[in-house]
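A quick write-up on the structure given underneath.
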Amino acid sequence: MTKFIAKRILLSLATLFVILFILFLLLQFMPGSPFNDEKLTAAQQAVLMAKYGLDKPFFIRFWIYLQNVVLRGDFGISYAIKKDMLVSGIVIARLGTSVRIGLQALLLGVSLGVLFGVISGSKRNTWMDSMATVAAVIGVSIPSYVLALVLSFVLGYKFRIFSITYQVDQPLWSSILPTIALSFFVMAQTTRFLRTELIEVLASDYVKLVDAKGVARPKVILRHGLRNAMISVITILGPLTVNLMTGSLVVERVYGIPGIGSLLVEGIQVNDYNVIIMIAFVYSALYIFVNLIVDILYGVIDPRIRVAKGG
Amino acid sequence: MDDRKERFNRVQLRDSKQQEMLVGSTTPFLKDAWRRFTKNKGALVGLVAIAVIFLFALIGPYINEHAYNVLDKIHINLPPRIPFLEKLGIFDGSEGNYNPYIEKGFTNDYFWFGTDVLGRDLWDRVWMGTRISFYIAMVAVGIDMVIGIGYGMVSGFFGGKVDMVMQRIVEILSGIPNLVVVTLFVLVLKPGMVSIILALMITGWISMSRVVRSQVLKMKEHEFILAAKTLGANSFVILFKELLPNIIGQIIVMTMFSIPNAIFYESFLAFIGLGLQPPLASLGVLIADGYRAMITHPHLVIFPTVVLSVLMLSFNLIADGLRDAFDPKMKGF
Amino acid sequence: MKENRILEVNHLDLSFRLGNEVNHVIRDISFHLNQGETLAIVGESGSGKSVTTKAILGMIDDNGFLGKGEILFRTSRTGKEDEIVDLTKKDKKYMQKYVRGSKIAIIFQDPMTSLDPTMTIGKQIMESMLEHKKVASKKEAMAKTIQLLDLVGIEQPEKRVRQYPHQLSGGMRQRVVIAIALACEPDVLIADEPTTALDVTIQSQILELIKDLQKKTGVSIIFITHDLGVVANVADRVAVMYAGKIVEEGLASEIYYDPRHPYTWGLLSSIPSLDGQDEEIYSIPGTPPNLIDPPKGDAFAYRSEYALEIDFEEQPPMFQISDTHFAASWLLHPSAPKVDMPLVLAKRIAAFNERRSQE
Amino acid sequence: MSANVLLEVKNLSQFFRIDRHTTIRAVDDVSFHINEGETFSVVGESGSGKSTLGRTLIRIYDAHSGSVTFMGREIGGKLSSDSRKFLRKNMQMIFQDPMASLNPRKKVLDAVAFGLDINHLSGDKNERLDKVVKVLKSVGLSEDHLTRYPHQFSGGQRQRIGVARALIMEPRFIICDEIISALDVSIQAQVINLMRRLQKEHGLTYMFIAHDLSMVRYLSDRVAVMHLGHIVEMGTVEDIYEHPLHPYTKSLLSAIPHPDPDAEKDRKRFVYIKGGVDYNIGTIRQLSDTHSILATDEEFSRWQQNDYSLFLK
Amino acid sequence: APAKEETEQVLRIAKDNDVSSLDTNVATDGLSFEVIKTFTEGLMEYDADGNIVPGVALDYEVSADGTVYTFNLRDDAKWSNGDPVTAADFVFSWRRLVDPALATEYSYMAEGIMIKNATAVIKGEKPLTELGVAALDATTFQVTLDAAVPYFIQLMTFPVFHPLNEAFVTAKGDAYAKSADALLSNGPWVVTEWTEGTKIRVEKNDTYWNADEISLDAIEFLIIKDYQTAALQFENGEVDMAKISADLVDRYKDEDFFETKKLGYTWYVAPNQLVAELQNENLRLALATSFDKSFITESILHDGSNVADYIVPIGLATGPDGKDFRDGAETFLSFDAAKALEYWNAAKAELGVETLTLELLVDDAADTKAVSEFLQTEWQTNLPGLTVTIQVQPKKNRLQLMRDGTYQLGLTRWGPDYADPFTYLGDLFQTGVNYNYGRFSDAEYDALVQSTAPGGALSTDAAARWAALHEAEAILLEQAGILPTWQSGEAMLVNPDVSGYEFHVVGQPSYRNVVKK
Ligand SMILES: Nc1ncnc2c1ncn2[C@@H]1O[C@H](COP(=O)(O)OP(=O)(O)OP(=O)(O)O)[C@@H](O)[C@H]1O
Ligand SMILES: Nc1ncnc2c1ncn2[C@@H]1O[C@H](COP(=O)(O)OP(=O)(O)OP(=O)(O)O)[C@@H](O)[C@H]1O
Ligand SMILES: [Mg+2]
Ligand SMILES: [Mg+2]
């Protein structure tokens, strides 16, 4: 197992390197520069570019950046969003919030999704199934910003149950609405996937055998059905988790959450290269990390894979 | 019991056709799938809904006297008002306790979905927007299918090193945040339809290619593929004549799922300001614009959202229905 | 129900809804299982063997429904006297609690897919013991599981209990499935083609095992297969099924040495004889009928060279040949003309009889 | 005798590399020949390498090592396009699972004509149709079936379509990979009869892969017993069934169930002890012209003295 | 959560963007300056009526040629660490502003007010010490300019010219101004909390010399980017002030807490004269007069913005006569569809075309998009034969394209740096000036504007200078060098309990006199 993980980590580092390179390259093509204030003269712009070494050739810049990142863990400074501040400071300050709310949403969404998925998958073609299916489809059909605003309008404004905006001093309480808003999609996806999988698993020979053993239905569904169905549900949860953790721009915006999703968009809008790269880097690293976790989880759930991977 | 002797006469074996009663129905696969599909109420509802929406997208803008791009400096920000329904107290042109139609004396005007800040008729805009959303979805999906299917088939079929390299590429592509790639794309090219479609192309096909690849991996072990090989079929023939028709069901299902994704994605781009160039407006643009005034003029966001949601809902229902219809395990149902 | 019978199926009908159509899969079927015996049900694919057993366990698919008929089962709940229950009248809850696994257990055809890939085999065996409270603790369940694995001939059972299905070979998996079935010491064991997916060597081991177990535990077995060689090996009595009906039923020796139904003749003849290499093997022409619209009269008549006119008009009743031997063929009617069974079969039976008489 | 050898296989091996540590030696140094017009059967337990052998012969897989001569041509190494064509035309294969071996989305007509189409042998439309109809008739199907899909047939009919598909190439040699295992008893007989009739009519040569030993006995001329990638015993039907020498062959034979309750009651079964024999150190020994066996000196002498105590239980 | 029991006066303001820096020299954006102004004080400050009044300076003297300013600093001004605010602090800060090593973006302000040697220092050609600033003693600060700058004093309120405590800044090094505890205050409040992306809180500074006059105990700037969320927060009583977008005006326009105000921004369409057709004056005039500006201000924006038939906005600058620059001034290029058509026909004849297609480049903001759609229709309706396409780009891109001159028509705006018409007429439209996107060029205009520039012929004659500026504006607009469109307004929700909020068309709002009941 350790060998497998070590191998994967090495591979991941290589992938990250390539991603970093591609990002760097992409930003090269981005029109404009971070010093693009309407009042700035061309000469001043050139001075600023020189100050931050942005006038150097592409490969040299990449090489310097790489050295800074690898040797010093220095992701550079922000050019525009938080002038001259260390990007790592800004991103890390926000990452925690994004990750936490993302995970909260994941937890809520997956719990509800599993509940609905199990209900509709095991009580197929009943009204409960129809309800859950419709809920799930609606869940993936309404744009999240509309949903977010409706939630804050109704629950935060009309009934004043929850805080409309995120409050740093009440991190849990004030993140309830965004958590709900974010969890909707996860819930819907989980429900749908789980339902399909569960129907398939419940029709499988081994579940029939468990049935024939006289095991009570709930146990059949939970112990055997759900477990096996989750194997493929986890596949979709992987990338979803990363998206959640790196924050949804939309939800962050509506609830005023200081997360990295909105920071990324802002970074792109103002060409704040280092911010973009670090967030993208964090995203990629998370993506790869989560996929690693998913693979390990597979192994936990599905012993066949454990052996195949030579653990 | 009737014991007549002659009933016990031996009978010559009937002709062989009668013995060989064919099992299964005689309908070909697609017809069969269609039959199963039509049994699925949800899917049918979805299909009908899409047909209706499509119809409205075609004729909607022409069935009232307004137009989607004509400004009306007087009739701005009007809530919906629909004849007959207004008598029931709904869609009577009031917004809260205020009825601009009455207050401003537009008593003979009916804007079914209301108007926007430029006085454009929302009914027309919604259906024009639907048209564009359909268009985007179709084009994007079309291209996505070509790339996704091609990529997935090659990767899955040739396996080995080819597969490894191709999967690494996919991993890298999906490791880069979509938003970065897409925004850069839209920024480098001019924002607009083409960029949006190209942007969708960059990563939109990945899930399709995954599905296709796994299907191909599953299928290629089937004996009929081996059989084709023993008959001398080359890779091209095997991929397109043997494999493709057999995974088409999965592909169609996947396509149905990626249509809402494309529509959704476009609306997301609209939200962050990377959408279409005005006065073109897709549903996504309408919602994004309407969103900003949601607590003031909710009709601006409600109508496009409802249409979008119904559209997505329908595509999703159809996708679900198709998945069941194409699933051989569901055979006979 | 007679004293020595543990299970009796009487005039059972079972159909599946297929869209607008109804597939009459089991048509007025009756048979019984005696205490401690092995009843083999043979018949070609699709004749309804599996469905019948599923009906006994109350496990027919959602689109299936029972028509008339009853399934009588002699059962005892701990401490009480034997009672006879009609399983068709019992709800799922009852079946789950008091029948499935605990009183009637089943072994499925395919060992590769019958085990949950994500659970150790030990847990899968223990599951039903714990569910039916046959053991007091997990520890006891584990001990018993190891015993069971030993019983079904798996070496190093202590090690195996912690393994997952994919770590076992096909033969071993089938043994595990058998161990699962035996976990609660059921009264009836249904083996639905337990060896079809295995190769000959392993098949013979599994067959030995099942027979051995029966000797040890006295369990009554319904053995389903289409392999007449296997049937000869395991069965006390044989029921031949065709198109949802039992067409012939009798002691194994009666079926093999004195078959009466043309379908049974066909089946027996289509096994290649050991010497006659040059002749064609006898084969039953055609395919089984479509039960959505079952033919009138004898469903086999369309494929039978012995068909009588009446076969196309009326279903034959069960004619009794001996105390234990019945067949549903108009050929057994007194008015029917005399016909001879296929020559190959006649020859083979003659050879059998000769050998028997020698012994 | 060598004049009518159709296929000659020498030291053929086929390995599958799973990862750095494991390589499956699916076919391991196998040599045999098949005579024109005969039925050569390969039997053995599941996983013994029978299918791999067949697939390697027909070049679904490229052999790891060894040579294969077919109708006087070497077809073992790299194939010229000419040889490839020759091979496709003269050697065909029929598969185990009649459903899985037919493309479910193809009508019978196209499925059967596939080989013609691919190799551009179909000629015009009518010619193609004629050929298909002719071959369908010869396997007992009719024109009515042309436009149907595989799922609309019964298992036996499907297998016949598979046969027709191979037959339309007018091959000399057909590899039948467990073509009846998935079929019902009654249907098995139909297919076997068909195969035998075709053999007679067209002078075909078969390599018949199976594990149903009674069927093998019925239709084979010569039999090879495979185990763990090796041919452990090979001979005429009579050699193998009446005078088996290898303990593995004996255990196989003892496992065949007979449709005879009395006989079955007091059968004695042998169980072959796994690992009892290391095939890699044995060599092929000729018992007679036709009968050969893989054994070491010691094993050979023990078996000849009927001492199987180390190998069977 | 229920509203908290308030014992202290805390003003909560919803802000639609975040600060980019709290370093006085480095900051560039409005909010940053606004926050900086709460905890620093410059030489001069605005009072409630918009008059320039002394801040850290007690008074100042100016030399006769207007090039040497000598400020006398008050001796009770203190930093929040107890140090006195001295002339050296100004010298340090100003030198830091032009330090090429720091390369601040706003160093151009030092050039703009013509501090002696500023340009050379910025370029690194002269040492920092050569900059024309000096601390004559602890409380006397002297600035030497290259020429008289009429608006010099007024710019002393601008945060980049505020003092810095050298000892503190050097001690903090790179960390300076990167967090709440790396900031020093000499203003009414002191930064106590700065949470990334969420909130900045300033609390009353007891060491401030004028602390007694300050009534607010704290101000919280809450970053809420979504206007609707901010508005709902306002309605819930969670914030006291919130800017709202045009879309929300309808909901609040009749409420007593709804306010609008005029900003100093003028929006205009810059026709790019590198495009051959747009060199045609009639075409530009046709474009300029063919759209109903009032619809934009009344219906699309309705946030207090004004129809702009001018370029120098209302309320920007007060002339020598004590009147606003616009007061009684001419208007140009008013909407007149009939006239526009005449221009159009003339243009078509001159260009020899019947139809024409032009592209309008706009920001991706909601308002500008709506306006562009309006412009498009108006132009197309009122000027038959004209087709207008719209290109929407993020602001940075739009600016880049306009700067590069690779556009046709561009909707843009200008925000004044100081309260003088020169900030528009001088900085924007002279030949060859950076921000002259449309490449407007007119010799007469250049000459006039030059004469009003610092050190120009009229730089000391206020009345003549004013007249010249009026004349220049007329030249620019009569040939439709640009197409003025509207002067920005801003709609806000303000808690009626809050009073004393001071807003300035140029410069930052002030909370010094705010009282919350
Ligand atoms: N859920 C179902 N819906 C419809 N028809 C069904 C269903 N289950 C079984 N059948 C049909 O019932 C008939 C009997 O099936 P069954 O599985 O009992 O056959 P079998 O005798 O066990 O065959 P095999 O030897 O192939 O296992 C078949 O024709 C089958 O198609
Ligand atoms: N493509 C492959 N890759 C890796 N291993 C393979 C491959 N094909 C076959 N094998 C392995 O080679 C061995 C021989 O397989 P083969 O299919 O030839 O056996 P078989 O005798 O035909 O068995 P069966 O009777 O089950 O069909 C097995 O261990 C199998 O797992
Ligand atoms: Mg069955
Ligand atoms: Mg095989």
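In the structure tokens, chains take letters A, B, ... by order of appearance, with residues numbered from 1 within each chain and ligands from 1 in the order shown.
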Please find the residues contacting ligand 1 at a distance of at most 8 Å between atoms, with only C-alpha atoms and all ligand atoms counted, and report them as a VMD selection string. (chain B and resid 332 to 333) or (chain C and resid 15 to 18 23 to 26 43 to 53 60 to 64 192 to 193 224 to 226 244 290 to 291) or (chain D and resid 184)
Let's have the selection written as a CSV table (one decimal), in the first residue's frame, with N, CA, C and O atoms.
```
chain,number,residue,atom,x,y,z
B,332,GLY,N,-37.5,-6.4,-21.9
B,332,GLY,CA,-38.8,-7.0,-21.6
B,332,GLY,C,-39.7,-6.1,-20.8
B,332,GLY,O,-40.9,-6.4,-20.7
B,333,PHE,N,-39.2,-5.1,-20.2
B,333,PHE,CA,-40.1,-4.2,-19.5
B,333,PHE,C,-40.8,-3.2,-20.3
B,333,PHE,O,-40.2,-2.8,-21.3
C,15,SER,N,-47.1,-16.0,-13.2
C,15,SER,CA,-47.0,-15.2,-14.5
C,15,SER,C,-46.1,-14.0,-14.3
C,15,SER,O,-46.0,-13.5,-13.1
C,16,PHE,N,-45.6,-13.5,-15.3
C,16,PHE,CA,-44.9,-12.2,-15.3
C,16,PHE,C,-45.6,-11.3,-16.3
C,16,PHE,O,-46.0,-11.6,-17.3
C,17,ARG,N,-45.7,-10.1,-15.8
C,17,ARG,CA,-46.2,-9.0,-16.6
C,17,ARG,C,-45.1,-8.5,-17.5
C,17,ARG,O,-44.0,-8.1,-17.0
C,18,LEU,N,-45.3,-8.4,-18.8
C,18,LEU,CA,-44.3,-7.9,-19.7
C,18,LEU,C,-44.9,-6.8,-20.5
C,18,LEU,O,-45.6,-7.1,-21.5
C,23,ASN,N,-46.7,-13.3,-19.3
C,23,ASN,CA,-46.0,-14.5,-19.6
C,23,ASN,C,-46.3,-15.5,-18.6
C,23,ASN,O,-46.0,-15.4,-17.4
C,24,HIS,N,-47.0,-16.6,-19.1
C,24,HIS,CA,-47.5,-17.6,-18.1
C,24,HIS,C,-46.4,-18.6,-17.9
C,24,HIS,O,-46.3,-19.6,-18.6
C,25,VAL,N,-45.5,-18.3,-17.0
C,25,VAL,CA,-44.3,-19.1,-16.9
C,25,VAL,C,-44.5,-20.4,-16.2
C,25,VAL,O,-43.9,-21.4,-16.6
C,26,ILE,N,-45.2,-20.4,-15.2
C,26,ILE,CA,-45.5,-21.7,-14.4
C,26,ILE,C,-47.0,-21.9,-14.6
C,26,ILE,O,-47.8,-21.1,-14.3
C,43,GLY,N,-34.9,-29.8,-17.0
C,43,GLY,CA,-35.7,-29.2,-18.0
C,43,GLY,C,-34.8,-28.2,-18.7
C,43,GLY,O,-33.9,-27.7,-18.1
C,44,GLU,N,-35.2,-27.9,-20.0
C,44,GLU,CA,-34.3,-27.0,-20.7
C,44,GLU,C,-34.4,-25.5,-20.1
C,44,GLU,O,-35.3,-25.2,-19.4
C,45,SER,N,-33.5,-24.7,-20.6
C,45,SER,CA,-33.5,-23.3,-20.2
C,45,SER,C,-34.8,-22.7,-20.4
C,45,SER,O,-35.4,-22.8,-21.5
C,46,GLY,N,-35.3,-21.9,-19.5
C,46,GLY,CA,-36.5,-21.2,-19.6
C,46,GLY,C,-37.7,-22.0,-19.3
C,46,GLY,O,-38.8,-21.5,-19.4
C,47,SER,N,-37.6,-23.2,-18.9
C,47,SER,CA,-38.8,-24.0,-18.6
C,47,SER,C,-39.4,-23.6,-17.3
C,47,SER,O,-40.5,-24.1,-17.0
C,48,GLY,N,-38.7,-22.8,-16.5
C,48,GLY,CA,-39.4,-22.3,-15.3
C,48,GLY,C,-38.9,-22.9,-14.0
C,48,GLY,O,-39.5,-22.8,-12.9
C,49,LYS,N,-37.7,-23.6,-14.1
C,49,LYS,CA,-37.2,-24.2,-12.9
C,49,LYS,C,-36.8,-23.2,-11.8
C,49,LYS,O,-37.3,-23.3,-10.6
C,50,SER,N,-36.1,-22.2,-12.2
C,50,SER,CA,-35.6,-21.2,-11.2
C,50,SER,C,-36.8,-20.5,-10.6
C,50,SER,O,-36.9,-20.2,-9.4
C,51,VAL,N,-37.7,-20.1,-11.5
C,51,VAL,CA,-38.9,-19.3,-11.0
C,51,VAL,C,-39.7,-20.1,-10.0
C,51,VAL,O,-40.1,-19.6,-9.0
C,52,THR,N,-39.8,-21.4,-10.2
C,52,THR,CA,-40.5,-22.2,-9.2
C,52,THR,C,-39.8,-22.1,-7.8
C,52,THR,O,-40.5,-21.9,-6.8
C,53,THR,N,-38.5,-22.3,-7.8
C,53,THR,CA,-37.9,-22.2,-6.5
C,53,THR,C,-38.0,-20.8,-5.9
C,53,THR,O,-38.1,-20.7,-4.7
C,60,ILE,N,-40.2,-13.9,-6.0
C,60,ILE,CA,-40.3,-13.6,-7.4
C,60,ILE,C,-40.2,-12.1,-7.7
C,60,ILE,O,-40.5,-11.3,-6.8
C,61,ASP,N,-39.7,-11.8,-8.9
C,61,ASP,CA,-39.5,-10.4,-9.2
C,61,ASP,C,-40.8,-9.6,-9.1
C,61,ASP,O,-41.9,-10.1,-9.1
C,62,ASP,N,-40.6,-8.3,-9.1
C,62,ASP,CA,-41.8,-7.4,-8.9
C,62,ASP,C,-42.8,-7.5,-9.9
C,62,ASP,O,-44.0,-7.3,-9.7
C,63,ASN,N,-42.4,-7.9,-11.1
C,63,ASN,CA,-43.5,-7.9,-12.2
C,63,ASN,C,-44.1,-9.3,-12.3
C,63,ASN,O,-44.9,-9.6,-13.1
C,64,GLY,N,-43.8,-10.2,-11.3
C,64,GLY,CA,-44.4,-11.5,-11.3
C,64,GLY,C,-45.5,-11.6,-10.3
C,64,GLY,O,-45.5,-10.8,-9.3
C,192,ASP,N,-29.9,-24.5,-7.1
C,192,ASP,CA,-30.3,-24.1,-8.5
C,192,ASP,C,-29.1,-24.1,-9.4
C,192,ASP,O,-28.3,-23.2,-9.4
C,193,GLU,N,-28.9,-25.2,-10.1
C,193,GLU,CA,-27.8,-25.4,-11.0
C,193,GLU,C,-26.5,-25.1,-10.3
C,193,GLU,O,-25.7,-24.2,-10.8
C,224,ILE,N,-31.7,-28.5,-9.0
C,224,ILE,CA,-32.2,-28.1,-10.3
C,224,ILE,C,-31.0,-28.1,-11.3
C,224,ILE,O,-29.9,-27.7,-11.0
C,225,THR,N,-31.2,-28.7,-12.5
C,225,THR,CA,-30.1,-28.8,-13.4
C,225,THR,C,-30.7,-29.1,-14.8
C,225,THR,O,-31.9,-29.4,-14.9
C,226,HIS,N,-29.9,-29.0,-15.8
C,226,HIS,CA,-30.4,-29.6,-17.1
C,226,HIS,C,-29.4,-30.7,-17.5
C,226,HIS,O,-29.6,-31.2,-18.6
C,244,GLY,N,-43.1,-24.8,-18.3
C,244,GLY,CA,-43.8,-24.4,-17.1
C,244,GLY,C,-44.7,-25.5,-16.6
C,244,GLY,O,-45.6,-25.2,-15.7
C,290,ASN,N,-43.4,-20.1,-26.8
C,290,ASN,CA,-43.5,-18.8,-26.3
C,290,ASN,C,-44.7,-18.8,-25.3
C,290,ASN,O,-45.8,-19.1,-25.6
C,291,LEU,N,-44.4,-18.6,-24.0
C,291,LEU,CA,-45.5,-18.7,-23.0
C,291,LEU,C,-46.3,-17.5,-22.9
C,291,LEU,O,-47.2,-17.4,-22.0
D,184,ASP,N,-28.2,-25.6,-24.0
D,184,ASP,CA,-29.0,-26.7,-23.4
D,184,ASP,C,-28.6,-28.0,-24.0
D,184,ASP,O,-28.3,-28.1,-25.1
```
With a distance cut-off of 10 Å and only C-alpha atoms, select the neighbouring residues of Val505 of chain E, excluding the residue or stretch itself and same-chain residues fewer than 5 positions from it, and output the selection as a compact mmCIF listing (two decimals) with all heavy atoms, in the first residue's frame.
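Everything below was put into selection.txt:
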```
# COMPACT_ATOMS: atom_id res chain seq x y z
N GLY E 50 -17.23 70.78 2.08
CA GLY E 50 -16.35 70.54 0.95
C GLY E 50 -15.24 71.58 0.87
O GLY E 50 -14.52 71.64 -0.12
N LYS E 261 -26.61 60.27 -4.86
CA LYS E 261 -25.67 61.38 -4.89
C LYS E 261 -24.94 61.36 -6.22
O LYS E 261 -24.89 60.34 -6.90
CB LYS E 261 -24.71 61.28 -3.73
CG LYS E 261 -23.95 59.98 -3.76
CD LYS E 261 -23.14 59.83 -2.51
CE LYS E 261 -22.20 58.66 -2.66
NZ LYS E 261 -22.34 57.67 -1.61
N LYS E 262 -24.43 62.52 -6.56
CA LYS E 262 -23.72 62.63 -7.82
C LYS E 262 -22.26 62.34 -7.58
O LYS E 262 -21.68 62.78 -6.60
CB LYS E 262 -23.87 64.05 -8.34
CG LYS E 262 -24.69 64.13 -9.60
CD LYS E 262 -24.79 65.54 -10.04
CE LYS E 262 -26.21 66.02 -10.30
NZ LYS E 262 -27.35 65.37 -9.79
N LEU E 263 -21.65 61.60 -8.51
CA LEU E 263 -20.23 61.35 -8.42
C LEU E 263 -19.50 62.21 -9.46
O LEU E 263 -20.13 62.76 -10.35
CB LEU E 263 -19.92 59.88 -8.66
CG LEU E 263 -20.63 58.88 -7.78
CD1 LEU E 263 -20.18 57.47 -8.11
CD2 LEU E 263 -20.39 59.17 -6.31
N GLY E 264 -18.22 62.26 -9.32
CA GLY E 264 -17.44 63.09 -10.25
C GLY E 264 -17.06 62.41 -11.54
O GLY E 264 -16.24 62.89 -12.29
N TYR E 265 -17.66 61.24 -11.80
CA TYR E 265 -17.31 60.51 -13.02
C TYR E 265 -18.16 60.95 -14.19
O TYR E 265 -19.37 61.07 -14.07
CB TYR E 265 -17.57 59.01 -12.84
CG TYR E 265 -16.67 58.35 -11.83
CD1 TYR E 265 -17.06 58.17 -10.52
CD2 TYR E 265 -15.42 57.89 -12.23
CE1 TYR E 265 -16.23 57.55 -9.60
CE2 TYR E 265 -14.58 57.27 -11.32
CZ TYR E 265 -14.99 57.09 -10.00
OH TYR E 265 -14.16 56.49 -9.11
N PRO E 313 -17.70 67.46 -15.08
CA PRO E 313 -18.95 67.21 -14.38
C PRO E 313 -19.38 68.30 -13.42
O PRO E 313 -18.57 69.13 -13.01
CB PRO E 313 -18.63 65.93 -13.60
CG PRO E 313 -17.17 65.90 -13.47
CD PRO E 313 -16.60 66.60 -14.64
N ILE E 314 -20.66 68.23 -13.12
CA ILE E 314 -21.20 69.16 -12.14
C ILE E 314 -20.62 68.85 -10.78
O ILE E 314 -20.48 67.70 -10.40
CB ILE E 314 -22.74 69.00 -12.07
CG1 ILE E 314 -23.35 69.31 -13.44
CG2 ILE E 314 -23.34 69.87 -10.98
CD1 ILE E 314 -24.84 69.06 -13.51
N GLY E 315 -20.27 69.88 -10.05
CA GLY E 315 -19.82 69.70 -8.67
C GLY E 315 -18.36 69.38 -8.56
O GLY E 315 -17.85 69.15 -7.46
N LEU E 316 -17.65 69.40 -9.68
CA LEU E 316 -16.23 69.05 -9.61
C LEU E 316 -15.41 70.22 -9.09
O LEU E 316 -14.63 70.08 -8.16
CB LEU E 316 -15.72 68.63 -10.99
CG LEU E 316 -14.21 68.38 -11.04
CD1 LEU E 316 -13.89 67.01 -10.46
CD2 LEU E 316 -13.67 68.48 -12.47
N ALA E 317 -15.60 71.34 -9.74
CA ALA E 317 -14.68 72.44 -9.45
C ALA E 317 -15.43 73.76 -9.31
O ALA E 317 -16.37 74.02 -10.03
CB ALA E 317 -13.66 72.53 -10.57
N GLY E 415 -12.49 59.35 -13.80
CA GLY E 415 -12.71 59.85 -12.45
C GLY E 415 -11.67 60.91 -12.16
O GLY E 415 -10.51 60.75 -12.51
N PRO E 416 -12.10 62.01 -11.59
CA PRO E 416 -11.18 63.12 -11.38
C PRO E 416 -10.17 62.79 -10.27
O PRO E 416 -10.49 62.12 -9.31
CB PRO E 416 -12.09 64.26 -10.93
CG PRO E 416 -13.26 63.56 -10.32
CD PRO E 416 -13.43 62.26 -11.04
N TYR E 418 -8.40 65.43 -9.00
CA TYR E 418 -8.43 66.65 -8.18
C TYR E 418 -9.56 67.53 -8.70
O TYR E 418 -10.05 67.32 -9.82
CB TYR E 418 -7.08 67.38 -8.25
CG TYR E 418 -6.49 67.41 -9.63
CD1 TYR E 418 -6.83 68.46 -10.51
CD2 TYR E 418 -5.64 66.41 -10.09
CE1 TYR E 418 -6.33 68.48 -11.79
CE2 TYR E 418 -5.13 66.43 -11.37
CZ TYR E 418 -5.47 67.46 -12.23
OH TYR E 418 -4.98 67.48 -13.51
N ALA E 419 -9.94 68.49 -7.90
CA ALA E 419 -11.14 69.28 -8.21
C ALA E 419 -10.81 70.41 -9.16
O ALA E 419 -10.87 71.58 -8.78
CB ALA E 419 -11.76 69.79 -6.91
```
Would you compute the distance between atom CA of Thr140 of chain E and atom CA of Leu97 of chain E? Give it in Å to one decimal. 19.7 Å
Could you tell me, as a ChimeraX atom specification, which residues of segment 167-301 of chain E DSSP assigns to helix (DSSP H, G or I) when given the backbone? /E:167-175,180-182,211-213,227-235,246-252,276-279,281-289,293-301
Find the residues of chain D in contact range of chain C, meaning any atom within 9 Å when counting only C-alpha atoms, and list them as number ranges by chain. D: 44-46, 154, 156, 183-190, 192-193, 196-197, 211-215, 217-219, 251-265, 269, 271-272
Please measure the separation of atom CA of Gly328 of chain E and atom CA of Ala463 of chain E, giving the value in Å to one decimal. 15.0 Å
How many Å separate atom CA of Thr70 of chain E from atom CA of Ala118 of chain E?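 Here the two named atoms are 17.8 Å from each other.
Residues in contact with Thr203 of chain B at up to 9 Å, not including ones fewer than 3 positions away on its chain and judged by only C-alpha atoms, are Asp144, Val170, Leu173, Ser174, Asn178, Val181, Val182, Ala199, Leu200, Ile206 and Ser207 of chain B.
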